[in-house]
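A.B. asks: I am attaching a structure below and will ask some questions about it afterwards.
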Amino acid sequence: MPTTDPIHETVSAVYESDSRRVLATLIRLLGDFDVAEEAMHDAFRAALEQWPNEGVPSNPRAWLVSAGRFKAIDGLRRQKRFDSLDDGSGKTADVAVLDTEAWADPESVEDDRLRLIFTCCHPALAFDAQVALTLREVCGLTTEEIGRAFLTPAPTLAQRIVRAKGKIRDARIPYQVPEQAELPERLEAVLRVIYLVFNEGYSASSGDLLTRHDLSAEAIRLGRLLVELLPAPEAVGLLALMLLHESRRVARTSPDGEVVLLDDQDRSLWDRDLIAEGSRLVRAALATKRFGPYTLQAAIAAVHAEARDPASTDWGAIVGLYDVLARTDDSPVIELNRAVAIAMRDGPEAGLASIDAILDRGELRDYRLAHAARAEFCRRLGRTKDARASYEKALALTRQEPERRFLERRLAEIPP
Amino acid sequence: MKRDMKYLCLVYLEKDKLHAVPDSECQNCGDGLRKNGLLLAAEALEPVDTATTVRIRNGRMSITDGPFAETKEQLAGFYLIEARDLNDAIQVAAKIPPAREGSIEVRPVRQLDPEKYV
C-alpha cells in the first residue's frame, strides 16, 4: 500500500494501537473468537472505505467496535435467514441484546483486555495452547510469527489455536476476569505464560536470534499491560524480573555468540535505565508484603544489578532472599542457586557441601547446571580430578551449543 | 420385578465415529427407555478435546486440559450437574470428595441435534 495516503496511514496507526482492544470488546459482544476476529477485520475494511469521505471519527475505537458489531449481526441475520425458514427464537434474541448500547460502558471496555488475557491463559487449556493463544489474540502476532519464534511449524500452531478456541466455545470457558477468590491462582497462570514467552526469547539457544529477541520484548509489553490493568504485587514483580534480566542481554553473550557468566560480564554494557526501572518496581512490590517468587527473584536480580563489580555484590542479602524463596517453593533448583550464593559468601567449601547434599538426595542428578556448579567449586578448591569429572557430567547432559563450548573451554583450562 | 439397582452405562466410541449413529436414533432410544421408566439420565458428550480434569492436592486445586487418562484408576462414579459455564462447573467438581484422591473429568454435555447428525 502506498504511504502517501494519509487516511490509510491513520487506519494503520489505529490498527497498531487499538486493534487488540477492539477485538477484546468484540469477543465480549459477539461471544465467539472467530466471529469477533472477522468482524474486526470487516470494521477496519469499512474504515478504509468510509473515513476518506466521512472523515476520521472523534473516537475511532468506538466507531470500529460499532461497525464490527453491526457487520457481525448483519452476517448472523443473513445466515439465519439462510439456515432455516422458521423463526426459531435463539439467535434473534441474542441479536436483540446486542443492539443495546450497554457495551460502551467504559469500565467494561477497559476490562475487556483483562478478560481476553485471563481467557487465553485459562488453566483448562493446554499450556502450549495458552501461550500460542495469548501471542495470537492479545499480542496480535501472526501464526507464522509465533511458529518462527517457537521453532514450531505454523500448521501445528494453527491447529493448537483452533483447538483452544473450540474448547473455549464448546466447554464454555467464560469471558471474564476471575472473582477475587480465584484470582491468585488464575493470575499465576497468566504470569507463567508471560514468563515462558520471555524466557523463550531470552535463553534462545537456536533459531533466528532476532525473532527470539522480539519474543522477550513482547513478554515485557505484556507484563506492562498486565501491570497497567491489574497492578498485583506479583505482576509488578514479574515485570521487574524481566526488565532486570533484559538489562544484561547485551553483556551475557560475547560478539561471537559465546556465553559470558555474570561474574565475567562487562557491567558497563548493562542497561542502566532498565535497572533503575526494575529496581524501583521491585521495591514497590516488596513494600506490599504480599509478594511471591517472582518478586523475590527480581529482588535477587536487583542486588546483582546494583553491584558495581562481582566482589562488591551483597551475597549475604542474596542468600537471605534465597532462604525466603526456598520457603515459598521447595524446588531443588532454588536450593542449588542458594548453594552458589553461599559459596560466594562463605567460600567454595561451604557451597560444595550444600551441592553435595542436594546431589546425594538424588535430586538434580541429571541437571547439567548442578554438575557445572560443583565442577566450578572443585576447581576453585584445587580438586582438579573432581572438577574434571563434574565438568564431564555437565557436558554429557547439555544440549545447548554455546553452553557446550563454554564447558569444554573450562575443562581444557584445568591443569592436568 | 423390582428395579432396585442403578447402572451407569458408559458409551465408548472412536473419535471419528462420534456421529456414526444418527442423533435421532439415540434420541428415540432414550425416549423409549424413559417411557418404560428405565432411564434416570442420559446424555451425549462433547468430544474429549473439550475435557478438563480437576484435582485437589494439598488443599490446592489444579486444573488441566484434557481427559483423565491414567489407566491404573477406574471409573468410580459420576455426577450429572448443571452449571453456568466451565468455571462454575469446576467449582462444583472441586467439591466432589474424590477430587482429593483421584481426579474428576469435566465434560460438557452435547445437545443432540437430529437435524444435523442424520
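In the C-alpha cells, each chain is lettered A, B, ... as it comes, each chain's residues begin at 1, and ligands are numbered from 1 in order of appearance.
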Return as a list of chain:residue names the residues belonging to chain B that are within 9 Å of chain A, counting only C-alpha atoms.
C.D. replies: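 Therefore, the residues near the partner are B:Glu46, B:Asp49, B:Thr50, B:Ala51, B:Thr52, B:Thr53, B:Val54, B:Met61, B:Ser62, B:Ile63, B:Thr64, B:Asp65, B:Gly66, B:Arg84, B:Asp85, B:Leu86, B:Asn87, B:Val106, B:Arg107, B:Pro108, B:Val109, B:Arg110.
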A.B. asks: Write the selection just made, keeping N, CA and C atoms, as a PDB file, in the first residue's frame?
C.D. replies:
ATOM      1  N   GLU B  46     -19.671 -33.870  24.506  1.00  0.00           N
ATOM      2  CA  GLU B  46     -18.798 -33.236  23.527  1.00  0.00           C
ATOM      3  C   GLU B  46     -17.513 -34.074  23.429  1.00  0.00           C
ATOM      4  N   ASP B  49     -11.670 -33.550  23.376  1.00  0.00           N
ATOM      5  CA  ASP B  49     -10.940 -32.279  23.252  1.00  0.00           C
ATOM      6  C   ASP B  49     -11.413 -31.213  24.235  1.00  0.00           C
ATOM      7  N   THR B  50     -12.661 -31.330  24.651  1.00  0.00           N
ATOM      8  CA  THR B  50     -13.242 -30.282  25.490  1.00  0.00           C
ATOM      9  C   THR B  50     -13.124 -30.620  26.974  1.00  0.00           C
ATOM     10  N   ALA B  51     -12.466 -31.749  27.288  1.00  0.00           N
ATOM     11  CA  ALA B  51     -12.413 -32.206  28.676  1.00  0.00           C
ATOM     12  C   ALA B  51     -11.447 -31.379  29.507  1.00  0.00           C
ATOM     13  N   THR B  52     -11.786 -31.234  30.780  1.00  0.00           N
ATOM     14  CA  THR B  52     -10.938 -30.567  31.754  1.00  0.00           C
ATOM     15  C   THR B  52     -10.850 -31.477  32.974  1.00  0.00           C
ATOM     16  N   THR B  53      -9.655 -31.646  33.530  1.00  0.00           N
ATOM     17  CA  THR B  53      -9.512 -32.507  34.695  1.00  0.00           C
ATOM     18  C   THR B  53      -9.168 -31.674  35.923  1.00  0.00           C
ATOM     19  N   VAL B  54      -9.908 -31.944  36.999  1.00  0.00           N
ATOM     20  CA  VAL B  54      -9.762 -31.172  38.239  1.00  0.00           C
ATOM     21  C   VAL B  54      -9.240 -32.096  39.335  1.00  0.00           C
ATOM     22  N   MET B  61      -6.348 -26.488  44.327  1.00  0.00           N
ATOM     23  CA  MET B  61      -6.983 -27.030  43.139  1.00  0.00           C
ATOM     24  C   MET B  61      -6.025 -26.954  41.958  1.00  0.00           C
ATOM     25  N   SER B  62      -5.955 -28.034  41.213  1.00  0.00           N
ATOM     26  CA  SER B  62      -5.194 -27.974  39.971  1.00  0.00           C
ATOM     27  C   SER B  62      -6.122 -28.306  38.815  1.00  0.00           C
ATOM     28  N   ILE B  63      -6.017 -27.505  37.769  1.00  0.00           N
ATOM     29  CA  ILE B  63      -6.890 -27.672  36.605  1.00  0.00           C
ATOM     30  C   ILE B  63      -5.998 -27.981  35.419  1.00  0.00           C
ATOM     31  N   THR B  64      -6.303 -29.046  34.681  1.00  0.00           N
ATOM     32  CA  THR B  64      -5.512 -29.318  33.478  1.00  0.00           C
ATOM     33  C   THR B  64      -6.425 -29.609  32.291  1.00  0.00           C
ATOM     34  N   ASP B  65      -5.868 -29.333  31.130  1.00  0.00           N
ATOM     35  CA  ASP B  65      -6.568 -29.599  29.886  1.00  0.00           C
ATOM     36  C   ASP B  65      -6.573 -31.108  29.644  1.00  0.00           C
ATOM     37  N   GLY B  66      -7.638 -31.603  29.055  1.00  0.00           N
ATOM     38  CA  GLY B  66      -7.631 -32.984  28.594  1.00  0.00           C
ATOM     39  C   GLY B  66      -8.312 -33.953  29.538  1.00  0.00           C
ATOM     40  N   ARG B  84     -23.322 -22.796  35.088  1.00  0.00           N
ATOM     41  CA  ARG B  84     -23.413 -21.650  34.190  1.00  0.00           C
ATOM     42  C   ARG B  84     -22.393 -21.757  33.057  1.00  0.00           C
ATOM     43  N   ASP B  85     -21.168 -22.100  33.441  1.00  0.00           N
ATOM     44  CA  ASP B  85     -20.077 -22.185  32.473  1.00  0.00           C
ATOM     45  C   ASP B  85     -19.003 -23.092  33.057  1.00  0.00           C
ATOM     46  N   LEU B  86     -17.879 -23.211  32.393  1.00  0.00           N
ATOM     47  CA  LEU B  86     -16.841 -24.141  32.857  1.00  0.00           C
ATOM     48  C   LEU B  86     -16.314 -23.755  34.244  1.00  0.00           C
ATOM     49  N   ASN B  87     -16.127 -22.456  34.496  1.00  0.00           N
ATOM     50  CA  ASN B  87     -15.631 -22.041  35.816  1.00  0.00           C
ATOM     51  C   ASN B  87     -16.567 -22.505  36.918  1.00  0.00           C
ATOM     52  N   VAL B 106     -14.275 -33.262  33.749  1.00  0.00           N
ATOM     53  CA  VAL B 106     -15.461 -32.445  33.491  1.00  0.00           C
ATOM     54  C   VAL B 106     -15.677 -32.370  31.986  1.00  0.00           C
ATOM     55  N   ARG B 107     -16.776 -32.897  31.527  1.00  0.00           N
ATOM     56  CA  ARG B 107     -17.041 -32.905  30.088  1.00  0.00           C
ATOM     57  C   ARG B 107     -18.382 -32.247  29.814  1.00  0.00           C
ATOM     58  N   PRO B 108     -18.408 -31.281  28.916  1.00  0.00           N
ATOM     59  CA  PRO B 108     -19.689 -30.656  28.589  1.00  0.00           C
ATOM     60  C   PRO B 108     -20.613 -31.646  27.882  1.00  0.00           C
ATOM     61  N   VAL B 109     -21.886 -31.562  28.226  1.00  0.00           N
ATOM     62  CA  VAL B 109     -22.896 -32.390  27.565  1.00  0.00           C
ATOM     63  C   VAL B 109     -23.199 -31.782  26.202  1.00  0.00           C
ATOM     64  N   ARG B 110     -23.411 -32.615  25.240  1.00  0.00           N
ATOM     65  CA  ARG B 110     -23.736 -32.144  23.896  1.00  0.00           C
ATOM     66  C   ARG B 110     -25.230 -32.304  23.663  1.00  0.00           C
TER      67      ARG B 110
END
A.B. asks: Do you know which residues are at most 12 Å from Val21 (chain B) counting only C-alpha atoms, after dropping those on the same chain fewer than 6 positions away, and could you put them as a list of chain:residue names?
C.D. replies: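 With the cut-off at 12 Å, the set is B:Leu13, B:Gln27, B:Asn28, B:Cys29, B:Ala44, B:Leu112, B:Asp113, B:Pro114, B:Lys116, B:Tyr117, B:Val118.
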A.B. asks: Neighbours of Ser354 (chain A) within 9 Å (only C-alpha atoms; same-chain residues fewer than 6 positions away dropped), as a PyMOL selection string?
C.D. replies: chain A and resi 335-336+338-340+342-343
A.B. asks: Let me see the file: selected residues, all heavy atoms, as a PDB file, in the first residue's frame.
C.D. replies:
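The file below, again-v4.pdb, is the result:
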ATOM      1  N   GLU A 335      17.346 -24.350  45.598  1.00  0.00           N
ATOM      2  CA  GLU A 335      18.350 -24.755  46.576  1.00  0.00           C
ATOM      3  C   GLU A 335      19.757 -24.708  45.974  1.00  0.00           C
ATOM      4  O   GLU A 335      20.716 -24.327  46.631  1.00  0.00           O
ATOM      5  CB  GLU A 335      18.024 -26.178  47.036  1.00  0.00           C
ATOM      6  CG  GLU A 335      17.979 -26.327  48.542  1.00  0.00           C
ATOM      7  CD  GLU A 335      17.761 -27.781  48.905  1.00  0.00           C
ATOM      8  OE1 GLU A 335      16.749 -28.357  48.452  1.00  0.00           O
ATOM      9  OE2 GLU A 335      18.614 -28.336  49.605  1.00  0.00           O
ATOM     10  N   LEU A 336      19.834 -25.092  44.701  1.00  0.00           N
ATOM     11  CA  LEU A 336      21.121 -25.059  44.003  1.00  0.00           C
ATOM     12  C   LEU A 336      21.635 -23.625  43.903  1.00  0.00           C
ATOM     13  O   LEU A 336      22.803 -23.335  44.190  1.00  0.00           O
ATOM     14  CB  LEU A 336      20.968 -25.671  42.603  1.00  0.00           C
ATOM     15  CG  LEU A 336      22.167 -25.531  41.665  1.00  0.00           C
ATOM     16  CD1 LEU A 336      23.348 -26.335  42.176  1.00  0.00           C
ATOM     17  CD2 LEU A 336      21.806 -25.985  40.257  1.00  0.00           C
ATOM     18  N   ARG A 338      20.871 -21.216  45.799  1.00  0.00           N
ATOM     19  CA  ARG A 338      21.210 -20.792  47.151  1.00  0.00           C
ATOM     20  C   ARG A 338      22.615 -21.294  47.506  1.00  0.00           C
ATOM     21  O   ARG A 338      23.428 -20.562  48.094  1.00  0.00           O
ATOM     22  CB  ARG A 338      20.173 -21.359  48.122  1.00  0.00           C
ATOM     23  CG  ARG A 338      20.319 -20.849  49.518  1.00  0.00           C
ATOM     24  CD  ARG A 338      19.180 -21.328  50.414  1.00  0.00           C
ATOM     25  NE  ARG A 338      19.579 -21.178  51.799  1.00  0.00           N
ATOM     26  CZ  ARG A 338      20.256 -22.090  52.477  1.00  0.00           C
ATOM     27  NH1 ARG A 338      20.585 -23.227  51.892  1.00  0.00           N
ATOM     28  NH2 ARG A 338      20.609 -21.876  53.731  1.00  0.00           N
ATOM     29  N   ALA A 339      22.916 -22.527  47.086  1.00  0.00           N
ATOM     30  CA  ALA A 339      24.240 -23.095  47.366  1.00  0.00           C
ATOM     31  C   ALA A 339      25.336 -22.262  46.692  1.00  0.00           C
ATOM     32  O   ALA A 339      26.400 -22.030  47.271  1.00  0.00           O
ATOM     33  CB  ALA A 339      24.296 -24.541  46.882  1.00  0.00           C
ATOM     34  N   VAL A 340      25.047 -21.804  45.478  1.00  0.00           N
ATOM     35  CA  VAL A 340      26.013 -20.974  44.764  1.00  0.00           C
ATOM     36  C   VAL A 340      26.232 -19.656  45.517  1.00  0.00           C
ATOM     37  O   VAL A 340      27.371 -19.198  45.700  1.00  0.00           O
ATOM     38  CB  VAL A 340      25.551 -20.700  43.319  1.00  0.00           C
ATOM     39  CG1 VAL A 340      26.478 -19.708  42.626  1.00  0.00           C
ATOM     40  CG2 VAL A 340      25.473 -22.001  42.522  1.00  0.00           C
ATOM     41  N   ILE A 342      25.804 -19.176  48.702  1.00  0.00           N
ATOM     42  CA  ILE A 342      26.545 -19.481  49.932  1.00  0.00           C
ATOM     43  C   ILE A 342      28.035 -19.590  49.631  1.00  0.00           C
ATOM     44  O   ILE A 342      28.880 -19.088  50.380  1.00  0.00           O
ATOM     45  CB  ILE A 342      26.012 -20.789  50.564  1.00  0.00           C
ATOM     46  CG1 ILE A 342      24.638 -20.520  51.191  1.00  0.00           C
ATOM     47  CG2 ILE A 342      26.983 -21.326  51.622  1.00  0.00           C
ATOM     48  CD1 ILE A 342      23.964 -21.752  51.742  1.00  0.00           C
ATOM     49  N   ALA A 343      28.356 -20.226  48.500  1.00  0.00           N
ATOM     50  CA  ALA A 343      29.765 -20.355  48.109  1.00  0.00           C
ATOM     51  C   ALA A 343      30.391 -18.979  47.920  1.00  0.00           C
ATOM     52  O   ALA A 343      31.548 -18.744  48.282  1.00  0.00           O
ATOM     53  CB  ALA A 343      29.875 -21.163  46.825  1.00  0.00           C
TER      54      ALA A 343
END
A.B. asks: Write out as a ChimeraX atom specification each polymer residue whose atoms come within 7 Å of region 92-100 of chain B, counting only C-alpha atoms; drop sequence neighbours fewer than 5 positions from it.
C.D. replies: /B:54-57
A.B. asks: Generate the output file for the selected residues, C-alpha atoms, as a PDB file, in the first residue's frame.
C.D. replies:
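The resulting part35.pdb:
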ATOM      1  CA  VAL B  54      -9.762 -31.172  38.239  1.00  0.00           C
ATOM      2  CA  ARG B  55      -7.734 -32.378  41.210  1.00  0.00           C
ATOM      3  CA  ILE B  56      -7.225 -31.211  44.772  1.00  0.00           C
ATOM      4  CA  ARG B  57      -3.728 -31.773  46.113  1.00  0.00           C
TER       5      ARG B  57
END
A.B. asks: Which polymer residues have any atom within 10 Å of an atom of Glu115 (chain B), counting only C-alpha atoms, with same-chain residues fewer than 4 positions away left out, as a list in words?
C.D. replies: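 These residues fall inside the cut-off: Pro22, Asp23 and Ser24 of chain B.
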A.B. asks: Can I get the selection written as a PDB file, in the first residue's frame, with all heavy atoms?
C.D. replies:
ATOM      1  N   PRO B  22     -26.911 -41.962  13.953  1.00  0.00           N
ATOM      2  CA  PRO B  22     -27.685 -40.722  13.876  1.00  0.00           C
ATOM      3  C   PRO B  22     -28.217 -40.302  15.246  1.00  0.00           C
ATOM      4  O   PRO B  22     -28.636 -41.146  16.035  1.00  0.00           O
ATOM      5  CB  PRO B  22     -28.854 -41.082  12.947  1.00  0.00           C
ATOM      6  CG  PRO B  22     -28.401 -42.286  12.202  1.00  0.00           C
ATOM      7  CD  PRO B  22     -27.444 -43.011  13.079  1.00  0.00           C
ATOM      8  N   ASP B  23     -28.209 -38.979  15.506  1.00  0.00           N
ATOM      9  CA  ASP B  23     -28.697 -38.478  16.785  1.00  0.00           C
ATOM     10  C   ASP B  23     -30.158 -38.851  17.011  1.00  0.00           C
ATOM     11  O   ASP B  23     -30.583 -39.094  18.140  1.00  0.00           O
ATOM     12  CB  ASP B  23     -28.534 -36.951  16.848  1.00  0.00           C
ATOM     13  CG  ASP B  23     -27.125 -36.564  17.304  1.00  0.00           C
ATOM     14  OD1 ASP B  23     -26.275 -37.479  17.435  1.00  0.00           O
ATOM     15  OD2 ASP B  23     -26.881 -35.364  17.536  1.00  0.00           O
ATOM     16  N   SER B  24     -30.930 -38.899  15.929  1.00  0.00           N
ATOM     17  CA  SER B  24     -32.353 -39.219  16.090  1.00  0.00           C
ATOM     18  C   SER B  24     -32.532 -40.614  16.677  1.00  0.00           C
ATOM     19  O   SER B  24     -33.398 -40.839  17.520  1.00  0.00           O
ATOM     20  CB  SER B  24     -33.057 -39.114  14.731  1.00  0.00           C
ATOM     21  OG  SER B  24     -32.372 -39.919  13.795  1.00  0.00           O
TER      22      SER B  24
END
A.B. asks: Report as a list in words all protein, DNA and RNA residues lying within 10 Å of Lys6 (chain B), evaluated on only C-alpha atoms, omitting residues in the same chain fewer than 3 positions from it.
C.D. replies: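 Counting only C-alpha atoms, the residues come to Arg3, Cys9, Leu38, Leu39 and Leu40 of chain B.
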A.B. asks: Write out as number ranges by chain the residues lying within 10 Å of Ala317 (chain A), counting only C-alpha atoms and excluding same-chain residues fewer than 2 positions away.
C.D. replies: A: 299-300, 303, 313-315, 319-323, 341, 345
A.B. asks: I need the chosen residues saved as a short mmCIF file (atom, residue, chain, number, x, y, z; two decimals), in the first residue's frame, with all heavy atoms.
C.D. replies:
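For reference, part_30.cif as written:
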data_model
loop_
_atom_site.label_atom_id
_atom_site.label_comp_id
_atom_site.auth_asym_id
_atom_site.auth_seq_id
_atom_site.Cartn_x
_atom_site.Cartn_y
_atom_site.Cartn_z
N ALA A 299 14.17 -9.35 43.17
CA ALA A 299 14.98 -8.71 44.21
C ALA A 299 16.42 -9.22 44.13
O ALA A 299 17.38 -8.44 44.26
CB ALA A 299 14.39 -8.97 45.59
N ILE A 300 16.57 -10.53 43.89
CA ILE A 300 17.92 -11.10 43.75
C ILE A 300 18.62 -10.49 42.53
O ILE A 300 19.79 -10.07 42.60
CB ILE A 300 17.84 -12.64 43.63
CG1 ILE A 300 17.37 -13.23 44.96
CG2 ILE A 300 19.19 -13.22 43.21
CD1 ILE A 300 16.92 -14.68 44.88
N VAL A 303 19.82 -7.02 43.34
CA VAL A 303 21.06 -6.96 44.15
C VAL A 303 22.27 -7.10 43.22
O VAL A 303 23.25 -6.36 43.33
CB VAL A 303 21.07 -8.04 45.25
CG1 VAL A 303 22.42 -8.05 45.97
CG2 VAL A 303 19.94 -7.82 46.24
N THR A 313 29.29 -7.49 45.39
CA THR A 313 27.92 -7.99 45.48
C THR A 313 27.57 -8.32 46.92
O THR A 313 28.39 -8.90 47.64
CB THR A 313 27.77 -9.26 44.61
OG1 THR A 313 28.21 -8.97 43.29
CG2 THR A 313 26.33 -9.74 44.57
N ASP A 314 26.38 -7.96 47.33
CA ASP A 314 25.93 -8.25 48.70
C ASP A 314 25.42 -9.69 48.77
O ASP A 314 24.22 -9.95 48.71
CB ASP A 314 24.82 -7.24 49.07
CG ASP A 314 24.40 -7.38 50.53
OD1 ASP A 314 24.82 -8.37 51.18
OD2 ASP A 314 23.66 -6.50 51.00
N TRP A 315 26.36 -10.64 48.88
CA TRP A 315 25.97 -12.06 48.85
C TRP A 315 25.13 -12.45 50.06
O TRP A 315 24.30 -13.36 49.97
CB TRP A 315 27.22 -12.95 48.73
CG TRP A 315 27.84 -12.83 47.37
CD1 TRP A 315 28.98 -12.17 47.03
CD2 TRP A 315 27.32 -13.37 46.15
NE1 TRP A 315 29.20 -12.25 45.68
CE2 TRP A 315 28.20 -12.99 45.12
CE3 TRP A 315 26.19 -14.13 45.83
CZ2 TRP A 315 28.00 -13.35 43.78
CZ3 TRP A 315 25.99 -14.50 44.51
CH2 TRP A 315 26.88 -14.10 43.50
N VAL A 319 21.76 -14.58 49.75
CA VAL A 319 21.46 -15.82 50.48
C VAL A 319 20.14 -15.67 51.24
O VAL A 319 19.29 -16.56 51.22
CB VAL A 319 22.61 -16.20 51.45
CG1 VAL A 319 22.22 -17.38 52.32
CG2 VAL A 319 23.87 -16.53 50.65
N GLY A 320 19.97 -14.52 51.89
CA GLY A 320 18.73 -14.27 52.65
C GLY A 320 17.50 -14.35 51.77
O GLY A 320 16.49 -14.95 52.14
N LEU A 321 17.58 -13.76 50.57
CA LEU A 321 16.43 -13.79 49.65
C LEU A 321 16.16 -15.22 49.19
O LEU A 321 15.00 -15.63 49.07
CB LEU A 321 16.70 -12.87 48.45
CG LEU A 321 16.60 -11.37 48.75
CD1 LEU A 321 17.24 -10.54 47.64
CD2 LEU A 321 15.14 -10.94 48.95
N TYR A 322 17.23 -15.98 48.91
CA TYR A 322 17.03 -17.39 48.54
C TYR A 322 16.40 -18.18 49.69
O TYR A 322 15.60 -19.10 49.45
CB TYR A 322 18.34 -18.04 48.09
CG TYR A 322 18.63 -17.85 46.62
CD1 TYR A 322 19.76 -17.19 46.17
CD2 TYR A 322 17.72 -18.32 45.67
CE1 TYR A 322 20.00 -17.00 44.83
CE2 TYR A 322 17.96 -18.14 44.31
CZ TYR A 322 19.10 -17.48 43.90
OH TYR A 322 19.32 -17.30 42.57
N ASP A 323 16.75 -17.84 50.93
CA ASP A 323 16.12 -18.52 52.08
C ASP A 323 14.61 -18.33 52.04
O ASP A 323 13.85 -19.27 52.24
CB ASP A 323 16.67 -17.96 53.40
CG ASP A 323 18.07 -18.47 53.69
OD1 ASP A 323 18.45 -19.51 53.08
OD2 ASP A 323 18.78 -17.86 54.50
N ALA A 341 25.14 -19.07 46.01
CA ALA A 341 25.24 -17.81 46.76
C ALA A 341 26.04 -18.03 48.05
O ALA A 341 26.84 -17.18 48.44
CB ALA A 341 23.85 -17.27 47.06
N ARG A 345 29.46 -16.25 49.38
CA ARG A 345 29.55 -15.56 50.68
C ARG A 345 30.61 -16.20 51.58
O ARG A 345 31.41 -15.51 52.20
CB ARG A 345 28.18 -15.58 51.37
CG ARG A 345 28.12 -14.71 52.62
CD ARG A 345 26.82 -14.89 53.38
NE ARG A 345 26.67 -16.27 53.87
CZ ARG A 345 25.61 -16.71 54.54
NH1 ARG A 345 24.59 -15.90 54.77
NH2 ARG A 345 25.55 -17.96 54.94
#
